[in-house]
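Reading through the structure tokens given below for one structure.
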Amino acid sequence: MNKLDGFRRLESCKSISDINNKILTCNKCDNCFKRKLYKGNPNSKILIINEVATDNIEANNYFEDLLESSDLTYDDIFIVYAVACITTRLDKDTEVKRLPSNKECTNCRTYIDQVIDIMKPKIIICLGASGLNQYIPGSNLFENVGTKKEFKGIPALINFGASDLYKLLDYKNDEEMDSAIESVID
């Protein structure tokens with residue numbers, strides 16, 4: 001048993017509602033002020049580990065469009081975020097988005113593990129590098145897109161996150177697209 005296992009047991013929740021309440025009151029990270037709660041059907045057999053939470057309206061709308069085009073609804077799936085906090089930093093007095101730290105990912109993995117334990121999904125769809133690296137540290141998203149892995153003994157399909165794909169929509173030619181893909185996966 002490692003120290004993290006003991007920590008996870010101390011934080012154990014009995015329901016998805018308990019987990020969302022823990023997220024609302026979580027103070028494990030120093031600069032987490034905005035959070036996104038998990039949503040969908042907790043009785044679903046499909047768990048989506050979405051990339052980090054964002055308040056980018058266009059990226060969120062793009063995810064909704066992707067979901068709608070798949071003929072799935074929130075009744076068919078349950079969505080968690082690799083990191084539930086919208087991670088930001090100050091740059092010249094302006095709040096800008098940033099990638100989550102390892103500590104933030106570890107803190108949020110505690111909640112994702114509990115969701116998996118409660119839901120017992122048949123399949124996990126992992127969107128983006130942050131969720132992938134929580135379960136397979138040091139992984140390169142580009143090398144794993146389209147592959148099947150296992151998270152806690154459950155089959156997990158790996159793909160780009162919606163905001164990764166959204167960034168690629170505005171490119172006018174293949175060279176710009178290739179350059180954008182490289183920036184997304186690095």
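Starting from 1 in every chain, residues are counted up; chains themselves are A, B, ... following the order of the structure tokens, and ligands are numbered from 1 as listed.
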message: as a list in words, please: the residues near segment 85-88 of chain A (cut-off 7 Å, only C-alpha atoms, same-chain neighbours under 3 positions excluded).
response: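 Residues near the query, excluding close chain neighbours: Cys32, Lys34, Arg35, Lys36, Ala53, Thr54, Glu95, Val96, Lys97, Arg98, Leu99 and Pro100 of chain A.
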Can I get the selected residues back with N, CA and C atoms, as a PDB file, in the first residue's frame?
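Result file selection30.pdb:
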ATOM      1  N   CYS A  32      -7.530  27.007  -7.225  1.00  0.00           N
ATOM      2  CA  CYS A  32      -8.717  26.507  -7.896  1.00  0.00           C
ATOM      3  C   CYS A  32      -9.932  27.284  -7.402  1.00  0.00           C
ATOM      4  N   LYS A  34     -12.653  28.149  -9.911  1.00  0.00           N
ATOM      5  CA  LYS A  34     -13.784  27.792 -10.763  1.00  0.00           C
ATOM      6  C   LYS A  34     -13.715  26.300 -11.039  1.00  0.00           C
ATOM      7  N   ARG A  35     -14.848  25.625 -10.869  1.00  0.00           N
ATOM      8  CA  ARG A  35     -14.891  24.178 -11.059  1.00  0.00           C
ATOM      9  C   ARG A  35     -16.048  23.801 -11.969  1.00  0.00           C
ATOM     10  N   LYS A  36     -15.910  22.655 -12.618  1.00  0.00           N
ATOM     11  CA  LYS A  36     -17.013  22.089 -13.390  1.00  0.00           C
ATOM     12  C   LYS A  36     -17.359  20.748 -12.773  1.00  0.00           C
ATOM     13  N   ALA A  53     -11.320  20.791 -17.398  1.00  0.00           N
ATOM     14  CA  ALA A  53     -12.488  21.663 -17.455  1.00  0.00           C
ATOM     15  C   ALA A  53     -12.105  22.994 -18.099  1.00  0.00           C
ATOM     16  N   THR A  54     -13.040  23.548 -18.846  1.00  0.00           N
ATOM     17  CA  THR A  54     -12.796  24.836 -19.472  1.00  0.00           C
ATOM     18  C   THR A  54     -14.060  25.676 -19.429  1.00  0.00           C
ATOM     19  N   GLU A  95      -5.849  37.062 -16.464  1.00  0.00           N
ATOM     20  CA  GLU A  95      -5.996  35.639 -16.187  1.00  0.00           C
ATOM     21  C   GLU A  95      -5.968  34.872 -17.507  1.00  0.00           C
ATOM     22  N   VAL A  96      -5.045  33.910 -17.629  1.00  0.00           N
ATOM     23  CA  VAL A  96      -4.939  33.097 -18.843  1.00  0.00           C
ATOM     24  C   VAL A  96      -5.014  31.620 -18.461  1.00  0.00           C
ATOM     25  N   LYS A  97      -5.494  30.816 -19.416  1.00  0.00           N
ATOM     26  CA  LYS A  97      -5.592  29.367 -19.188  1.00  0.00           C
ATOM     27  C   LYS A  97      -4.197  28.757 -19.171  1.00  0.00           C
ATOM     28  N   ARG A  98      -4.050  27.666 -18.433  1.00  0.00           N
ATOM     29  CA  ARG A  98      -2.786  26.936 -18.396  1.00  0.00           C
ATOM     30  C   ARG A  98      -3.083  25.457 -18.234  1.00  0.00           C
ATOM     31  N   LEU A  99      -2.085  24.642 -18.526  1.00  0.00           N
ATOM     32  CA  LEU A  99      -2.215  23.208 -18.297  1.00  0.00           C
ATOM     33  C   LEU A  99      -2.172  22.937 -16.797  1.00  0.00           C
ATOM     34  N   PRO A 100      -2.851  21.894 -16.337  1.00  0.00           N
ATOM     35  CA  PRO A 100      -2.821  21.587 -14.914  1.00  0.00           C
ATOM     36  C   PRO A 100      -1.470  21.033 -14.492  1.00  0.00           C
TER      37      PRO A 100
END
query: Got a sec to tell me which of segment 3-151 of chain A DSSP assigns to helix (DSSP H, G or I), as a PyMOL selection string?
result: chain A and resi 3-10+16-25+57-69+102-119+129-135+141-144
For the residues in that selection, give me C-alpha atoms as a PDB file, in the first residue's frame.
ATOM      1  CA  LYS A   3       0.477   6.749   0.843  1.00  0.00           C
ATOM      2  CA  LEU A   4      -1.942   7.729  -1.930  1.00  0.00           C
ATOM      3  CA  ASP A   5      -4.052   4.590  -1.381  1.00  0.00           C
ATOM      4  CA  GLY A   6      -4.619   5.619   2.221  1.00  0.00           C
ATOM      5  CA  PHE A   7      -5.492   9.147   1.125  1.00  0.00           C
ATOM      6  CA  ARG A   8      -8.031   7.808  -1.378  1.00  0.00           C
ATOM      7  CA  ARG A   9      -9.725   5.725   1.317  1.00  0.00           C
ATOM      8  CA  LEU A  10     -10.001   8.742   3.628  1.00  0.00           C
ATOM      9  CA  ILE A  16     -21.787  10.681  -7.473  1.00  0.00           C
ATOM     10  CA  SER A  17     -23.624  13.443  -5.626  1.00  0.00           C
ATOM     11  CA  ASP A  18     -21.134  13.075  -2.746  1.00  0.00           C
ATOM     12  CA  ILE A  19     -18.263  13.366  -5.219  1.00  0.00           C
ATOM     13  CA  ASN A  20     -19.698  16.529  -6.803  1.00  0.00           C
ATOM     14  CA  ASN A  21     -20.150  18.009  -3.317  1.00  0.00           C
ATOM     15  CA  LYS A  22     -16.506  17.189  -2.521  1.00  0.00           C
ATOM     16  CA  ILE A  23     -15.425  18.895  -5.737  1.00  0.00           C
ATOM     17  CA  LEU A  24     -17.420  22.010  -4.823  1.00  0.00           C
ATOM     18  CA  THR A  25     -15.688  22.249  -1.450  1.00  0.00           C
ATOM     19  CA  ILE A  57     -17.756  28.614 -24.730  1.00  0.00           C
ATOM     20  CA  GLU A  58     -16.693  27.664 -28.271  1.00  0.00           C
ATOM     21  CA  ALA A  59     -14.831  24.537 -27.116  1.00  0.00           C
ATOM     22  CA  ASN A  60     -17.735  23.515 -24.860  1.00  0.00           C
ATOM     23  CA  ASN A  61     -20.216  24.041 -27.713  1.00  0.00           C
ATOM     24  CA  TYR A  62     -17.982  22.007 -30.020  1.00  0.00           C
ATOM     25  CA  PHE A  63     -18.021  19.130 -27.518  1.00  0.00           C
ATOM     26  CA  GLU A  64     -21.827  19.350 -27.400  1.00  0.00           C
ATOM     27  CA  ASP A  65     -21.924  19.257 -31.227  1.00  0.00           C
ATOM     28  CA  LEU A  66     -19.665  16.190 -31.271  1.00  0.00           C
ATOM     29  CA  LEU A  67     -21.874  14.483 -28.709  1.00  0.00           C
ATOM     30  CA  GLU A  68     -25.019  15.289 -30.680  1.00  0.00           C
ATOM     31  CA  SER A  69     -23.508  14.004 -33.940  1.00  0.00           C
ATOM     32  CA  ASN A 102       0.901  17.094 -11.738  1.00  0.00           C
ATOM     33  CA  LYS A 103      -0.457  17.789  -8.252  1.00  0.00           C
ATOM     34  CA  GLU A 104      -3.774  19.038  -9.664  1.00  0.00           C
ATOM     35  CA  CYS A 105      -4.055  15.933 -11.854  1.00  0.00           C
ATOM     36  CA  THR A 106      -3.301  13.659  -8.903  1.00  0.00           C
ATOM     37  CA  ASN A 107      -5.840  15.435  -6.706  1.00  0.00           C
ATOM     38  CA  CYS A 108      -8.590  15.047  -9.311  1.00  0.00           C
ATOM     39  CA  ARG A 109      -7.715  11.444 -10.097  1.00  0.00           C
ATOM     40  CA  THR A 110      -8.921  10.615  -6.594  1.00  0.00           C
ATOM     41  CA  TYR A 111     -12.430  11.656  -7.651  1.00  0.00           C
ATOM     42  CA  ILE A 112     -12.266   9.884 -11.018  1.00  0.00           C
ATOM     43  CA  ASP A 113     -11.195   6.647  -9.319  1.00  0.00           C
ATOM     44  CA  GLN A 114     -14.193   6.899  -7.018  1.00  0.00           C
ATOM     45  CA  VAL A 115     -16.535   7.501  -9.970  1.00  0.00           C
ATOM     46  CA  ILE A 116     -15.146   4.370 -11.641  1.00  0.00           C
ATOM     47  CA  ASP A 117     -15.630   2.387  -8.422  1.00  0.00           C
ATOM     48  CA  ILE A 118     -19.236   3.581  -8.032  1.00  0.00           C
ATOM     49  CA  MET A 119     -20.277   3.365 -11.707  1.00  0.00           C
ATOM     50  CA  ALA A 129      -3.659  14.035 -22.700  1.00  0.00           C
ATOM     51  CA  SER A 130      -4.444  14.961 -19.083  1.00  0.00           C
ATOM     52  CA  GLY A 131      -6.756  12.002 -18.482  1.00  0.00           C
ATOM     53  CA  LEU A 132      -4.430   9.642 -20.333  1.00  0.00           C
ATOM     54  CA  ASN A 133      -1.458  10.701 -18.244  1.00  0.00           C
ATOM     55  CA  GLN A 134      -3.369  10.213 -14.997  1.00  0.00           C
ATOM     56  CA  TYR A 135      -3.576   6.503 -15.755  1.00  0.00           C
ATOM     57  CA  LEU A 141      -1.408  11.475 -26.713  1.00  0.00           C
ATOM     58  CA  PHE A 142      -0.588  11.356 -30.439  1.00  0.00           C
ATOM     59  CA  GLU A 143       0.984   7.896 -30.114  1.00  0.00           C
ATOM     60  CA  ASN A 144      -2.053   6.602 -28.222  1.00  0.00           C
TER      61      ASN A 144
END
message: What's the separation between atom CA of Phe151 of chain A and atom CA of Phe33 of chain A, in Å to one decimal place?
response: 28.6 Å
Excluding Ile123 of chain A and residues on its chain fewer than 2 positions from it, collect all residues at most 7 Å away from it, counting only C-alpha atoms, and give them as a short mmCIF file (atom, residue, chain, number, x, y, z; two decimals) with N, CA and C atoms, in the first residue's frame.
data_model
loop_
_atom_site.label_atom_id
_atom_site.label_comp_id
_atom_site.auth_asym_id
_atom_site.auth_seq_id
_atom_site.Cartn_x
_atom_site.Cartn_y
_atom_site.Cartn_z
N LYS A 45 -23.18 2.87 -18.76
CA LYS A 45 -22.04 1.95 -18.87
C LYS A 45 -20.87 2.59 -19.61
N ILE A 46 -21.03 3.87 -20.02
CA ILE A 46 -19.98 4.60 -20.73
C ILE A 46 -19.54 5.78 -19.87
N LEU A 47 -18.27 5.78 -19.53
CA LEU A 47 -17.68 6.89 -18.78
C LEU A 47 -16.74 7.63 -19.72
N PRO A 121 -18.22 1.25 -15.00
CA PRO A 121 -18.55 1.34 -16.43
C PRO A 121 -18.01 0.14 -17.20
N ILE A 125 -14.02 6.25 -22.27
CA ILE A 125 -13.51 6.99 -23.41
C ILE A 125 -12.70 8.15 -22.84
N ILE A 154 -10.54 -1.63 -16.74
CA ILE A 154 -11.67 -1.37 -17.64
C ILE A 154 -11.11 -0.90 -18.98
N PRO A 155 -11.63 -1.43 -20.10
CA PRO A 155 -11.16 -0.98 -21.41
C PRO A 155 -11.36 0.53 -21.57
N ALA A 156 -10.31 1.19 -22.08
CA ALA A 156 -10.35 2.64 -22.28
C ALA A 156 -9.89 2.95 -23.70
#
message: Just want the 10 Å neighbourhood of Ser44 of chain A, counted on only C-alpha atoms, with same-chain residues fewer than 4 positions away dropped. Output as a list in words.
response: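 The residues satisfying every condition are Gly40, Tyr74, Asp75, Asp76, Ile77, Phe78, Met119, Lys120, Pro121, Lys122 and Ile123 of chain A.
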Which of segment 87-158 of chain A fall in strand (DSSP E), as a count of residues only: 22
message: Which residues are near segment 157-165 of chain A? Cut-off 6 Å, only C-alpha atoms, ignore same chain within fewer than 4 positions. Put them as a PyMOL selection string.
response: chain A and resi 51+59+63+125-128+145-148
